[in-house]
>>> print(open('target_27.cif').read())   # mmCIF, C-alpha atoms, pLDDT in the B column; chains and numbers go by the auth columns
data_structure
loop_
_atom_site.group_PDB
_atom_site.id
_atom_site.type_symbol
_atom_site.label_atom_id
_atom_site.label_comp_id
_atom_site.label_asym_id
_atom_site.label_seq_id
_atom_site.Cartn_x
_atom_site.Cartn_y
_atom_site.Cartn_z
_atom_site.B_iso_or_equiv
_atom_site.auth_seq_id
_atom_site.auth_asym_id
ATOM 1 C CA MET A 1 0.000 0.000 0.000 87.00 1 A
ATOM 2 C CA VAL A 2 1.314 3.452 -0.955 91.00 2 A
ATOM 3 C CA LEU A 3 0.049 6.620 0.697 93.00 3 A
ATOM 4 C CA VAL A 4 0.778 10.045 -0.779 92.00 4 A
ATOM 5 C CA VAL A 5 0.166 13.047 1.484 93.00 5 A
ATOM 6 C CA ASP A 6 -0.757 16.127 -0.531 92.00 6 A
ATOM 7 C CA ASP A 7 0.068 18.906 1.908 92.00 7 A
ATOM 8 C CA GLY A 8 -2.145 21.652 0.543 91.00 8 A
ATOM 9 C CA SER A 9 -0.692 21.909 -2.962 90.00 9 A
ATOM 10 C CA LYS A 10 -2.300 24.466 -5.283 90.00 10 A
ATOM 11 C CA ILE A 11 -3.048 21.761 -7.839 90.00 11 A
ATOM 12 C CA PRO A 12 -4.455 18.726 -6.000 90.00 12 A
ATOM 13 C CA VAL A 13 -2.601 15.462 -6.484 88.00 13 A
ATOM 14 C CA THR A 14 -4.649 12.505 -7.703 88.00 14 A
ATOM 15 C CA SER A 15 -3.917 8.790 -7.693 87.00 15 A
ATOM 16 C CA ALA A 16 -4.681 8.675 -11.424 86.00 16 A
ATOM 17 C CA SER A 17 -2.030 11.280 -12.238 85.00 17 A
ATOM 18 C CA ILE A 18 0.571 9.442 -10.135 83.00 18 A
ATOM 19 C CA LYS A 19 -0.122 6.114 -11.820 83.00 19 A
ATOM 20 C CA LEU A 20 0.313 7.496 -15.324 82.00 20 A
ATOM 21 C CA GLY A 21 3.053 5.493 -16.999 74.00 21 A
ATOM 22 C CA ILE A 22 3.424 3.038 -14.083 81.00 22 A
ATOM 23 C CA LYS A 23 2.926 -0.518 -15.266 77.00 23 A
ATOM 24 C CA ILE A 24 2.719 -2.130 -11.825 79.00 24 A
ATOM 25 C CA ASP A 25 -0.715 -2.154 -10.232 82.00 25 A
ATOM 26 C CA PHE A 26 -0.711 -1.477 -6.480 84.00 26 A
ATOM 27 C CA PRO A 27 -3.058 0.076 -3.892 87.00 27 A
ATOM 28 C CA LEU A 28 -2.459 3.834 -3.953 90.00 28 A
ATOM 29 C CA PHE A 29 -4.192 6.418 -1.775 92.00 29 A
ATOM 30 C CA VAL A 30 -3.914 10.198 -1.653 93.00 30 A
ATOM 31 C CA LEU A 31 -4.535 12.006 1.627 94.00 31 A
ATOM 32 C CA ARG A 32 -5.061 15.716 0.996 93.00 32 A
ATOM 33 C CA ASN A 33 -4.612 18.517 3.508 91.00 33 A
ATOM 34 C CA GLU A 34 -6.652 21.484 2.346 91.00 34 A
ATOM 35 C CA VAL A 35 -4.090 23.822 3.927 92.00 35 A
ATOM 36 C CA ASN A 36 -0.347 23.321 4.211 92.00 36 A
ATOM 37 C CA LYS A 37 0.529 21.846 7.625 91.00 37 A
ATOM 38 C CA GLY A 38 4.271 21.589 7.090 90.00 38 A
ATOM 39 C CA ILE A 39 6.446 18.487 7.050 89.00 39 A
ATOM 40 C CA THR A 40 5.736 17.409 10.643 93.00 40 A
ATOM 41 C CA GLY A 41 1.996 17.898 10.311 94.00 41 A
ATOM 42 C CA ALA A 42 1.930 15.975 7.021 94.00 42 A
ATOM 43 C CA LEU A 43 3.934 13.093 8.504 95.00 43 A
ATOM 44 C CA ASN A 44 1.633 12.775 11.501 95.00 44 A
ATOM 45 C CA GLU A 45 -1.516 12.998 9.377 95.00 45 A
ATOM 46 C CA GLY A 46 -0.148 10.160 7.259 95.00 46 A
ATOM 47 C CA LEU A 47 0.708 8.003 10.281 95.00 47 A
ATOM 48 C CA ARG A 48 -2.740 8.450 11.833 95.00 48 A
ATOM 49 C CA TRP A 49 -4.420 7.557 8.531 95.00 49 A
ATOM 50 C CA ILE A 50 -2.316 4.396 8.212 95.00 50 A
ATOM 51 C CA GLU A 51 -3.142 3.350 11.776 93.00 51 A
ATOM 52 C CA LYS A 52 -6.879 3.760 11.149 92.00 52 A
ATOM 53 C CA GLN A 53 -6.720 1.408 8.160 90.00 53 A
ATOM 54 C CA ASP A 54 -5.266 -1.356 10.350 87.00 54 A
ATOM 55 C CA ALA A 55 -3.772 -2.889 7.204 87.00 55 A
ATOM 56 C CA ALA A 56 -0.019 -2.237 7.469 92.00 56 A
ATOM 57 C CA ASN A 57 2.432 -3.845 9.888 95.00 57 A
ATOM 58 C CA TYR A 58 5.292 -1.551 8.861 97.00 58 A
ATOM 59 C CA VAL A 59 5.736 2.047 7.731 97.00 59 A
ATOM 60 C CA ALA A 60 8.430 3.419 5.418 95.00 60 A
ATOM 61 C CA ARG A 61 8.741 6.939 4.033 91.00 61 A
ATOM 62 C CA LEU A 62 10.360 8.301 0.881 87.00 62 A
ATOM 63 C CA ASP A 63 11.027 11.824 -0.335 83.00 63 A
ATOM 64 C CA CYS A 64 10.763 12.950 -3.940 78.00 64 A
ATOM 65 C CA GLY A 65 14.059 12.251 -5.681 80.00 65 A
ATOM 66 C CA ASP A 66 15.071 9.329 -3.443 89.00 66 A
ATOM 67 C CA VAL A 67 15.572 5.950 -5.126 92.00 67 A
ATOM 68 C CA CYS A 68 15.349 2.523 -3.471 95.00 68 A
ATOM 69 C CA ALA A 69 17.275 -0.577 -4.459 95.00 69 A
ATOM 70 C CA PRO A 70 14.849 -3.048 -6.112 94.00 70 A
ATOM 71 C CA ASP A 71 15.107 -5.456 -3.179 96.00 71 A
ATOM 72 C CA ARG A 72 15.151 -2.876 -0.399 97.00 72 A
ATOM 73 C CA PHE A 73 11.759 -3.643 1.166 96.00 73 A
ATOM 74 C CA HIS A 74 12.176 -7.382 0.681 96.00 74 A
ATOM 75 C CA LYS A 75 15.433 -7.282 2.659 97.00 75 A
ATOM 76 C CA GLN A 76 14.177 -4.986 5.395 98.00 76 A
ATOM 77 C CA ILE A 77 10.852 -6.698 6.009 97.00 77 A
ATOM 78 C CA GLY A 78 12.557 -10.083 5.897 97.00 78 A
ATOM 79 C CA PHE A 79 15.053 -8.920 8.523 98.00 79 A
ATOM 80 C CA MET A 80 12.320 -7.613 10.826 97.00 80 A
ATOM 81 C CA GLN A 81 10.322 -10.811 10.508 97.00 81 A
ATOM 82 C CA ASP A 82 13.431 -12.825 11.374 98.00 82 A
ATOM 83 C CA HIS A 83 14.219 -10.470 14.281 97.00 83 A
ATOM 84 C CA PRO A 84 10.853 -9.581 15.886 96.00 84 A
ATOM 85 C CA GLU A 85 12.588 -7.697 18.708 97.00 85 A
ATOM 86 C CA VAL A 86 13.668 -5.024 16.182 98.00 86 A
ATOM 87 C CA GLY A 87 11.002 -2.359 15.742 98.00 87 A
ATOM 88 C CA LEU A 88 13.123 0.266 13.949 98.00 88 A
ATOM 89 C CA LEU A 89 15.363 -0.583 11.008 98.00 89 A
ATOM 90 C CA GLY A 90 17.459 1.569 8.689 98.00 90 A
ATOM 91 C CA SER A 91 20.224 1.026 6.159 97.00 91 A
ATOM 92 C CA TRP A 92 23.317 2.720 4.835 97.00 92 A
ATOM 93 C CA CYS A 93 22.677 5.077 1.933 95.00 93 A
ATOM 94 C CA ILE A 94 24.231 7.082 -0.873 94.00 94 A
ATOM 95 C CA PHE A 95 23.855 10.863 -1.000 91.00 95 A
ATOM 96 C CA GLU A 96 24.097 12.320 -4.471 88.00 96 A
ATOM 97 C CA ASN A 97 23.510 15.401 -6.562 81.00 97 A
ATOM 98 C CA ARG A 98 23.608 14.127 -10.135 73.00 98 A
ATOM 99 C CA ALA A 99 23.651 17.603 -11.669 74.00 99 A
ATOM 100 C CA LYS A 100 26.816 18.571 -9.757 67.00 100 A
ATOM 101 C CA SER A 101 28.454 15.124 -9.796 73.00 101 A
ATOM 102 C CA VAL A 102 28.473 15.046 -5.986 76.00 102 A
ATOM 103 C CA ARG A 103 28.268 11.626 -4.380 84.00 103 A
ATOM 104 C CA TYR A 104 29.260 10.150 -1.031 88.00 104 A
ATOM 105 C CA GLU A 105 28.452 7.140 1.136 92.00 105 A
ATOM 106 C CA TYR A 106 26.771 7.450 4.515 92.00 106 A
ATOM 107 C CA LYS A 107 27.792 4.652 6.878 94.00 107 A
ATOM 108 C CA THR A 108 26.719 4.257 10.488 95.00 108 A
ATOM 109 C CA PRO A 109 26.972 1.792 13.380 97.00 109 A
ATOM 110 C CA THR A 110 24.601 -1.126 12.914 97.00 110 A
ATOM 111 C CA GLY A 111 23.859 -2.647 16.345 97.00 111 A
ATOM 112 C CA HIS A 112 21.400 -1.261 18.891 98.00 112 A
ATOM 113 C CA ILE A 113 23.944 -0.439 21.650 97.00 113 A
ATOM 114 C CA GLN A 114 26.257 1.308 19.190 97.00 114 A
ATOM 115 C CA ILE A 115 23.309 3.169 17.679 98.00 115 A
ATOM 116 C CA ARG A 116 22.225 4.494 21.091 97.00 116 A
ATOM 117 C CA LYS A 117 25.730 5.876 21.659 96.00 117 A
ATOM 118 C CA ALA A 118 26.046 7.364 18.176 96.00 118 A
ATOM 119 C CA MET A 119 22.681 9.150 18.391 97.00 119 A
ATOM 120 C CA HIS A 120 24.309 11.601 20.817 96.00 120 A
ATOM 121 C CA PHE A 121 26.444 12.877 17.939 95.00 121 A
ATOM 122 C CA ARG A 122 24.268 12.596 14.826 92.00 122 A
ATOM 123 C CA ASN A 123 21.035 11.151 13.521 94.00 123 A
ATOM 124 C CA VAL A 124 22.249 7.751 12.352 95.00 124 A
ATOM 125 C CA PHE A 125 18.838 7.002 10.800 97.00 125 A
ATOM 126 C CA ILE A 126 18.460 8.664 7.410 94.00 126 A
ATOM 127 C CA HIS A 127 14.702 9.043 7.119 94.00 127 A
ATOM 128 C CA PRO A 128 14.160 7.548 3.633 95.00 128 A
ATOM 129 C CA THR A 129 16.037 4.371 4.667 97.00 129 A
ATOM 130 C CA VAL A 130 13.861 3.689 7.705 97.00 130 A
ATOM 131 C CA ILE A 131 11.116 1.148 8.254 98.00 131 A
ATOM 132 C CA PHE A 132 9.377 0.741 11.618 98.00 132 A
ATOM 133 C CA GLU A 133 6.474 -1.117 13.210 97.00 133 A
ATOM 134 C CA THR A 134 3.243 0.805 12.691 95.00 134 A
ATOM 135 C CA GLY A 135 2.004 0.552 16.274 94.00 135 A
ATOM 136 C CA LEU A 136 5.105 2.206 17.728 96.00 136 A
ATOM 137 C CA ALA A 137 4.284 5.696 16.407 94.00 137 A
ATOM 138 C CA GLY A 138 1.272 6.173 18.672 92.00 138 A
ATOM 139 C CA LYS A 139 3.165 4.836 21.678 95.00 139 A
ATOM 140 C CA VAL A 140 5.815 7.570 21.490 96.00 140 A
ATOM 141 C CA GLY A 141 3.452 10.361 20.455 93.00 141 A
ATOM 142 C CA TYR A 142 4.255 10.588 16.726 95.00 142 A
ATOM 143 C CA TYR A 143 6.691 13.142 15.291 96.00 143 A
ATOM 144 C CA PRO A 144 7.188 15.992 17.815 95.00 144 A
ATOM 145 C CA THR A 145 6.269 19.489 16.649 92.00 145 A
ATOM 146 C CA ASN A 146 8.686 21.430 18.866 93.00 146 A
ATOM 147 C CA PHE A 147 11.942 20.560 17.066 92.00 147 A
ATOM 148 C CA MET A 148 11.981 22.538 13.823 87.00 148 A
ATOM 149 C CA TYR A 149 13.427 20.644 10.838 88.00 149 A
ATOM 150 C CA ALA A 150 14.670 17.788 13.049 93.00 150 A
ATOM 151 C CA GLU A 151 11.418 16.028 13.881 94.00 151 A
ATOM 152 C CA ASP A 152 12.724 12.719 12.547 95.00 152 A
ATOM 153 C CA TYR A 153 15.807 12.825 14.800 96.00 153 A
ATOM 154 C CA ALA A 154 13.591 13.280 17.882 96.00 154 A
ATOM 155 C CA PHE A 155 11.126 10.633 16.692 97.00 155 A
ATOM 156 C CA PHE A 156 13.839 8.010 16.202 97.00 156 A
ATOM 157 C CA TYR A 157 15.413 8.949 19.538 97.00 157 A
ATOM 158 C CA LYS A 158 12.076 8.233 21.205 97.00 158 A
ATOM 159 C CA LEU A 159 11.690 4.951 19.341 97.00 159 A
ATOM 160 C CA ILE A 160 15.075 3.543 20.402 97.00 160 A
ATOM 161 C CA LYS A 161 14.013 4.004 24.022 96.00 161 A
ATOM 162 C CA ILE A 162 11.115 1.543 23.639 97.00 162 A
ATOM 163 C CA THR A 163 12.308 -0.890 20.960 98.00 163 A
ATOM 164 C CA HIS A 164 15.464 -2.471 19.613 98.00 164 A
ATOM 165 C CA SER A 165 16.950 -0.877 16.525 98.00 165 A
ATOM 166 C CA HIS A 166 19.295 -1.987 13.787 98.00 166 A
ATOM 167 C CA ILE A 167 20.847 -0.662 10.578 98.00 167 A
ATOM 168 C CA LEU A 168 21.644 -2.911 7.640 98.00 168 A
ATOM 169 C CA ASP A 169 25.200 -2.454 6.396 97.00 169 A
ATOM 170 C CA GLN A 170 24.012 -2.250 2.805 97.00 170 A
ATOM 171 C CA PHE A 171 23.392 0.747 0.543 97.00 171 A
ATOM 172 C CA LEU A 172 19.664 0.311 -0.100 97.00 172 A
ATOM 173 C CA VAL A 173 18.649 3.917 -0.839 96.00 173 A
ATOM 174 C CA ALA A 174 20.102 6.770 -2.893 94.00 174 A
ATOM 175 C CA CYS A 175 19.077 10.113 -1.355 91.00 175 A
ATOM 176 C CA GLU A 176 19.022 13.291 -3.375 85.00 176 A
ATOM 177 C CA ILE A 177 21.114 16.267 -2.238 80.00 177 A
ATOM 178 C CA ASN A 178 18.880 19.237 -2.953 68.00 178 A
ATOM 179 C CA ASP A 179 20.313 22.714 -2.333 63.00 179 A
ATOM 180 C CA LYS A 180 16.738 23.996 -2.055 60.00 180 A
ATOM 181 C CA GLY A 181 15.588 21.185 0.246 57.00 181 A
ATOM 182 C CA ILE A 182 14.236 21.789 3.741 59.00 182 A
ATOM 183 C CA SER A 183 17.335 20.579 5.597 58.00 183 A
ATOM 184 C CA LEU A 184 19.933 22.600 3.686 59.00 184 A
ATOM 185 C CA ARG A 185 17.735 25.676 3.386 63.00 185 A
ATOM 186 C CA ASN A 186 17.100 25.736 7.148 72.00 186 A
ATOM 187 C CA ARG A 187 20.408 24.327 8.337 78.00 187 A
ATOM 188 C CA GLN A 188 20.951 26.700 11.282 83.00 188 A
ATOM 189 C CA GLU A 189 17.456 26.148 12.702 88.00 189 A
ATOM 190 C CA GLN A 190 17.891 22.407 12.279 89.00 190 A
ATOM 191 C CA LEU A 191 21.201 22.425 14.157 90.00 191 A
ATOM 192 C CA ILE A 192 19.616 24.331 17.047 91.00 192 A
ATOM 193 C CA SER A 193 16.897 21.670 17.218 92.00 193 A
ATOM 194 C CA ARG A 194 19.505 18.903 17.102 93.00 194 A
ATOM 195 C CA GLY A 195 21.234 20.350 20.154 93.00 195 A
ATOM 196 C CA GLN A 196 17.914 20.549 22.009 94.00 196 A
ATOM 197 C CA ILE A 197 17.130 16.928 21.103 96.00 197 A
ATOM 198 C CA VAL A 198 20.456 15.639 22.411 95.00 198 A
ATOM 199 C CA MET A 199 19.920 17.633 25.612 94.00 199 A
ATOM 200 C CA LYS A 200 16.450 16.150 26.128 95.00 200 A
ATOM 201 C CA TYR A 201 16.860 12.540 25.007 95.00 201 A
ATOM 202 C CA GLY A 202 20.569 11.810 25.494 94.00 202 A
ATOM 203 C CA THR A 203 21.329 9.366 28.312 93.00 203 A
ATOM 204 C CA ASN A 204 25.119 9.549 28.762 94.00 204 A
ATOM 205 C CA PRO A 205 26.286 12.851 30.356 94.00 205 A
ATOM 206 C CA LEU A 206 29.687 12.802 28.644 95.00 206 A
ATOM 207 C CA PHE A 207 28.241 11.899 25.237 95.00 207 A
ATOM 208 C CA LYS A 208 25.579 14.602 25.651 94.00 208 A
ATOM 209 C CA THR A 209 28.213 17.246 26.307 94.00 209 A
ATOM 210 C CA VAL A 210 30.321 16.182 23.320 95.00 210 A
ATOM 211 C CA GLY A 211 27.253 15.940 21.099 93.00 211 A
ATOM 212 C CA ILE A 212 26.064 19.451 21.970 92.00 212 A
ATOM 213 C CA LEU A 213 29.554 20.894 21.456 93.00 213 A
ATOM 214 C CA ARG A 214 29.666 19.174 18.071 90.00 214 A
ATOM 215 C CA VAL A 215 26.401 20.849 17.073 90.00 215 A
ATOM 216 C CA TYR A 216 27.729 24.277 18.049 87.00 216 A
ATOM 217 C CA ALA A 217 30.883 23.640 16.026 86.00 217 A
ATOM 218 C CA LEU A 218 28.820 22.682 12.980 83.00 218 A
ATOM 219 C CA ARG A 219 26.859 25.923 13.289 80.00 219 A
ATOM 220 C CA LEU A 220 30.103 27.829 12.713 80.00 220 A
ATOM 221 C CA LEU A 221 31.008 25.949 9.536 71.00 221 A
ATOM 222 C CA PRO A 222 29.572 26.892 6.107 67.00 222 A
ATOM 223 C CA LYS A 223 27.423 24.144 4.623 59.00 223 A
ATOM 224 C CA ARG A 224 29.683 23.784 1.553 61.00 224 A
ATOM 225 C CA LEU A 225 32.608 22.930 3.834 57.00 225 A
ATOM 226 C CA VAL A 226 30.492 20.435 5.782 54.00 226 A
ATOM 227 C CA LEU A 227 29.547 18.672 2.549 56.00 227 A
ATOM 228 C CA ARG A 228 33.209 18.561 1.483 57.00 228 A
ATOM 229 C CA LEU A 229 34.222 17.053 4.837 49.00 229 A
ATOM 230 C CA ARG A 230 31.498 14.417 4.569 51.00 230 A
ATOM 231 C CA LYS A 231 32.824 13.352 1.177 49.00 231 A
ATOM 232 C CA THR A 232 36.407 13.262 2.459 46.00 232 A
ATOM 233 C CA PHE A 233 35.777 11.424 5.741 41.00 233 A
ATOM 234 C CA LYS A 234 32.949 9.153 4.634 45.00 234 A
#
>>> encode(input="target_27.cif", output="structure tokens")
Amino acid sequence: MVLVVDDGSKIPVTSASIKLGIKIDFPLFVLRNEVNKGITGALNEGLRWIEKQDAANYVARLDCGDVCAPDRFHKQIGFMQDHPEVGLLGSWCIFENRAKSVRYEYKTPTGHIQIRKAMHFRNVFIHPTVIFETGLAGKVGYYPTNFMYAEDYAFFYKLIKITHSHILDQFLVACEINDKGISLRNRQEQLISRGQIVMKYGTNPLFKTVGILRVYALRLLPKRLVLRLRKTFK
């Protein structure tokens, strides 16, 4: 089942227009917000709609421009079925801007204990790589609205407190680097939210201190330099 959230676009999105040229037949639904509610509001509206259908055991989200490996969902769902204790699963990914020939690999720790440590320093779960059990969203209160442009970081932080997590050491998603995207366009506000998230959800005092200092250091660096460092020290 595929759900598209139309967050108040001027020209309403329809399932028929999306399916044009797609040869595979699959259940497709469009949930339309008459007014724009922003990324967090759209995510939560989508989660509540999915829960009401009571038809999906897992939720995964993709952004426009992101591309999955053909076997991505097969591998991730298979892993979660073989490891029922894992409620949150991600993967490694590739970041790329095809127009500018920019490309780098994003690797993270894979085990739950290592993930909990690493979350003090960065969001190890890249949103488009994630799949999680549907029922967990309501238990943690969905995506929080008080962390601008970092709602996914806070959401995953809350999830790892109530379920085991894991990241597959495979590159299953290619994520688009978009200079006009929400994260890059609002980088300073996002970094402020990241510091607040580490302060609230971090569990190790030393790691919290280092993580917050890291955020402040990143705020001083221009985003072009940060991207260059990511490519160099991937």
>>> residues_around(input="target_27.cif", residues="region 142-158 of chain A", least_positions_apart="3", cutoff="8 Å", atoms="only C-alpha atoms", output="list in words")
Thr40, Gly41, Leu43, Asn44, Leu47, Met119, Asn123, Phe125, His127, Ala137, Gly138, Lys139, Lys161, Ile162, Ile182, Ser183, Asn186, Glu189, Gln190, Ser193, Arg194, Gln196, Ile197 and Tyr201 of chain A
>>> resolve_selection(input="target_27.cif", expression="the PyMOL selection byres ((chain A and resi 22-27) around 9)", output="number ranges by chain")
A: 1-3, 18-21, 28-29
>>> write_last_selection(input="target_27.cif", atoms="C-alpha atoms", output="PDB file, in the frame of the given file")
ATOM      1  CA  MET A   1       0.000   0.000   0.000  1.00 87.00           C
ATOM      2  CA  VAL A   2       1.314   3.452  -0.955  1.00 91.00           C
ATOM      3  CA  LEU A   3       0.049   6.620   0.697  1.00 93.00           C
ATOM      4  CA  ILE A  18       0.571   9.442 -10.135  1.00 83.00           C
ATOM      5  CA  LYS A  19      -0.122   6.114 -11.820  1.00 83.00           C
ATOM      6  CA  LEU A  20       0.313   7.496 -15.324  1.00 82.00           C
ATOM      7  CA  GLY A  21       3.053   5.493 -16.999  1.00 74.00           C
ATOM      8  CA  LEU A  28      -2.459   3.834  -3.953  1.00 90.00           C
ATOM      9  CA  PHE A  29      -4.192   6.418  -1.775  1.00 92.00           C
TER      10      PHE A  29
END
>>> closest_residue(input="target_27.cif", among="A:Val5, A:Leu136, A:Val198, A:Leu220", to="Lys37 (chain A)", atoms="all atoms listed in the file")
A:Val5
>>> closest_residue(input="target_27.cif", among="A:Pro70, A:Gly65, A:Gly8, A:Pro205", to="Gly38 (chain A)", atoms="all atoms listed in the file")
A:Gly8
>>> closest_residue(input="target_27.cif", among="A:Gly78, A:Pro12, A:Gly90, A:Gly111", to="Arg61 (chain A)", atoms="only C-alpha atoms")
A:Gly90
>>> closest_residue(input="target_27.cif", among="A:Arg98, A:His74, A:Arg116, A:Lys107", to="Thr163 (chain A)", atoms="all atoms listed in the file")
A:Arg116
>>> atom_distance(input="target_27.cif", atom1="CA of Arg32 (chain A)", atom2="CA of Asp54 (chain A)")
19.5 Å
>>> closest_residue(input="target_27.cif", among="A:Val30, A:Cys175, A:Val35, A:Val130", to="Tyr104 (chain A)", atoms="all atoms listed in the file")
A:Cys175
>>> atom_distance(input="target_27.cif", atom1="CA of Phe79 (chain A)", atom2="CA of Ala56 (chain A)")
16.5 Å
>>> atom_distance(input="target_27.cif", atom1="CA of Ser9 (chain A)", atom2="CA of Glu34 (chain A)")
8.0 Å
>>> residues_around(input="target_27.cif", residues="Ala69 (chain A)", least_positions_apart="6", cutoff="12 Å", atoms="only C-alpha atoms", output="PyMOL selection string")
chain A and resi 75-76+91-94+128-129+170-175
>>> closest_residue(input="target_27.cif", among="A:Val140, A:Leu168, A:Ile177, A:Val124", to="Asn97 (chain A)", atoms="all atoms listed in the file")
A:Ile177
>>> decode(input="target_27.cif", residues="region 97-170 of chain A", atoms="C-alpha atoms", output="PDB file, in the first residue's frame")
ATOM      1  CA  ASN A  97      23.510  15.401  -6.562  1.00  0.00           C
ATOM      2  CA  ARG A  98      23.608  14.127 -10.135  1.00  0.00           C
ATOM      3  CA  ALA A  99      23.651  17.603 -11.669  1.00  0.00           C
ATOM      4  CA  LYS A 100      26.816  18.571  -9.757  1.00  0.00           C
ATOM      5  CA  SER A 101      28.454  15.124  -9.796  1.00  0.00           C
ATOM      6  CA  VAL A 102      28.473  15.046  -5.986  1.00  0.00           C
ATOM      7  CA  ARG A 103      28.268  11.626  -4.380  1.00  0.00           C
ATOM      8  CA  TYR A 104      29.260  10.150  -1.031  1.00  0.00           C
ATOM      9  CA  GLU A 105      28.452   7.140   1.136  1.00  0.00           C
ATOM     10  CA  TYR A 106      26.771   7.450   4.515  1.00  0.00           C
ATOM     11  CA  LYS A 107      27.792   4.652   6.878  1.00  0.00           C
ATOM     12  CA  THR A 108      26.719   4.257  10.488  1.00  0.00           C
ATOM     13  CA  PRO A 109      26.972   1.792  13.380  1.00  0.00           C
ATOM     14  CA  THR A 110      24.601  -1.126  12.914  1.00  0.00           C
ATOM     15  CA  GLY A 111      23.859  -2.647  16.345  1.00  0.00           C
ATOM     16  CA  HIS A 112      21.400  -1.261  18.891  1.00  0.00           C
ATOM     17  CA  ILE A 113      23.944  -0.439  21.650  1.00  0.00           C
ATOM     18  CA  GLN A 114      26.257   1.308  19.190  1.00  0.00           C
ATOM     19  CA  ILE A 115      23.309   3.169  17.679  1.00  0.00           C
ATOM     20  CA  ARG A 116      22.225   4.494  21.091  1.00  0.00           C
ATOM     21  CA  LYS A 117      25.730   5.876  21.659  1.00  0.00           C
ATOM     22  CA  ALA A 118      26.046   7.364  18.176  1.00  0.00           C
ATOM     23  CA  MET A 119      22.681   9.150  18.391  1.00  0.00           C
ATOM     24  CA  HIS A 120      24.309  11.601  20.817  1.00  0.00           C
ATOM     25  CA  PHE A 121      26.444  12.877  17.939  1.00  0.00           C
ATOM     26  CA  ARG A 122      24.268  12.596  14.826  1.00  0.00           C
ATOM     27  CA  ASN A 123      21.035  11.151  13.521  1.00  0.00           C
ATOM     28  CA  VAL A 124      22.249   7.751  12.352  1.00  0.00           C
ATOM     29  CA  PHE A 125      18.838   7.002  10.800  1.00  0.00           C
ATOM     30  CA  ILE A 126      18.460   8.664   7.410  1.00  0.00           C
ATOM     31  CA  HIS A 127      14.702   9.043   7.119  1.00  0.00           C
ATOM     32  CA  PRO A 128      14.160   7.548   3.633  1.00  0.00           C
ATOM     33  CA  THR A 129      16.037   4.371   4.667  1.00  0.00           C
ATOM     34  CA  VAL A 130      13.861   3.689   7.705  1.00  0.00           C
ATOM     35  CA  ILE A 131      11.116   1.148   8.254  1.00  0.00           C
ATOM     36  CA  PHE A 132       9.377   0.741  11.618  1.00  0.00           C
ATOM     37  CA  GLU A 133       6.474  -1.117  13.210  1.00  0.00           C
ATOM     38  CA  THR A 134       3.243   0.805  12.691  1.00  0.00           C
ATOM     39  CA  GLY A 135       2.004   0.552  16.274  1.00  0.00           C
ATOM     40  CA  LEU A 136       5.105   2.206  17.728  1.00  0.00           C
ATOM     41  CA  ALA A 137       4.284   5.696  16.407  1.00  0.00           C
ATOM     42  CA  GLY A 138       1.272   6.173  18.672  1.00  0.00           C
ATOM     43  CA  LYS A 139       3.165   4.836  21.678  1.00  0.00           C
ATOM     44  CA  VAL A 140       5.815   7.570  21.490  1.00  0.00           C
ATOM     45  CA  GLY A 141       3.452  10.361  20.455  1.00  0.00           C
ATOM     46  CA  TYR A 142       4.255  10.588  16.726  1.00  0.00           C
ATOM     47  CA  TYR A 143       6.691  13.142  15.291  1.00  0.00           C
ATOM     48  CA  PRO A 144       7.188  15.992  17.815  1.00  0.00           C
ATOM     49  CA  THR A 145       6.269  19.489  16.649  1.00  0.00           C
ATOM     50  CA  ASN A 146       8.686  21.430  18.866  1.00  0.00           C
ATOM     51  CA  PHE A 147      11.942  20.560  17.066  1.00  0.00           C
ATOM     52  CA  MET A 148      11.981  22.538  13.823  1.00  0.00           C
ATOM     53  CA  TYR A 149      13.427  20.644  10.838  1.00  0.00           C
ATOM     54  CA  ALA A 150      14.670  17.788  13.049  1.00  0.00           C
ATOM     55  CA  GLU A 151      11.418  16.028  13.881  1.00  0.00           C
ATOM     56  CA  ASP A 152      12.724  12.719  12.547  1.00  0.00           C
ATOM     57  CA  TYR A 153      15.807  12.825  14.800  1.00  0.00           C
ATOM     58  CA  ALA A 154      13.591  13.280  17.882  1.00  0.00           C
ATOM     59  CA  PHE A 155      11.126  10.633  16.692  1.00  0.00           C
ATOM     60  CA  PHE A 156      13.839   8.010  16.202  1.00  0.00           C
ATOM     61  CA  TYR A 157      15.413   8.949  19.538  1.00  0.00           C
ATOM     62  CA  LYS A 158      12.076   8.233  21.205  1.00  0.00           C
ATOM     63  CA  LEU A 159      11.690   4.951  19.341  1.00  0.00           C
ATOM     64  CA  ILE A 160      15.075   3.543  20.402  1.00  0.00           C
ATOM     65  CA  LYS A 161      14.013   4.004  24.022  1.00  0.00           C
ATOM     66  CA  ILE A 162      11.115   1.543  23.639  1.00  0.00           C
ATOM     67  CA  THR A 163      12.308  -0.890  20.960  1.00  0.00           C
ATOM     68  CA  HIS A 164      15.464  -2.471  19.613  1.00  0.00           C
ATOM     69  CA  SER A 165      16.950  -0.877  16.525  1.00  0.00           C
ATOM     70  CA  HIS A 166      19.295  -1.987  13.787  1.00  0.00           C
ATOM     71  CA  ILE A 167      20.847  -0.662  10.578  1.00  0.00           C
ATOM     72  CA  LEU A 168      21.644  -2.911   7.640  1.00  0.00           C
ATOM     73  CA  ASP A 169      25.200  -2.454   6.396  1.00  0.00           C
ATOM     74  CA  GLN A 170      24.012  -2.250   2.805  1.00  0.00           C
TER      75      GLN A 170
END
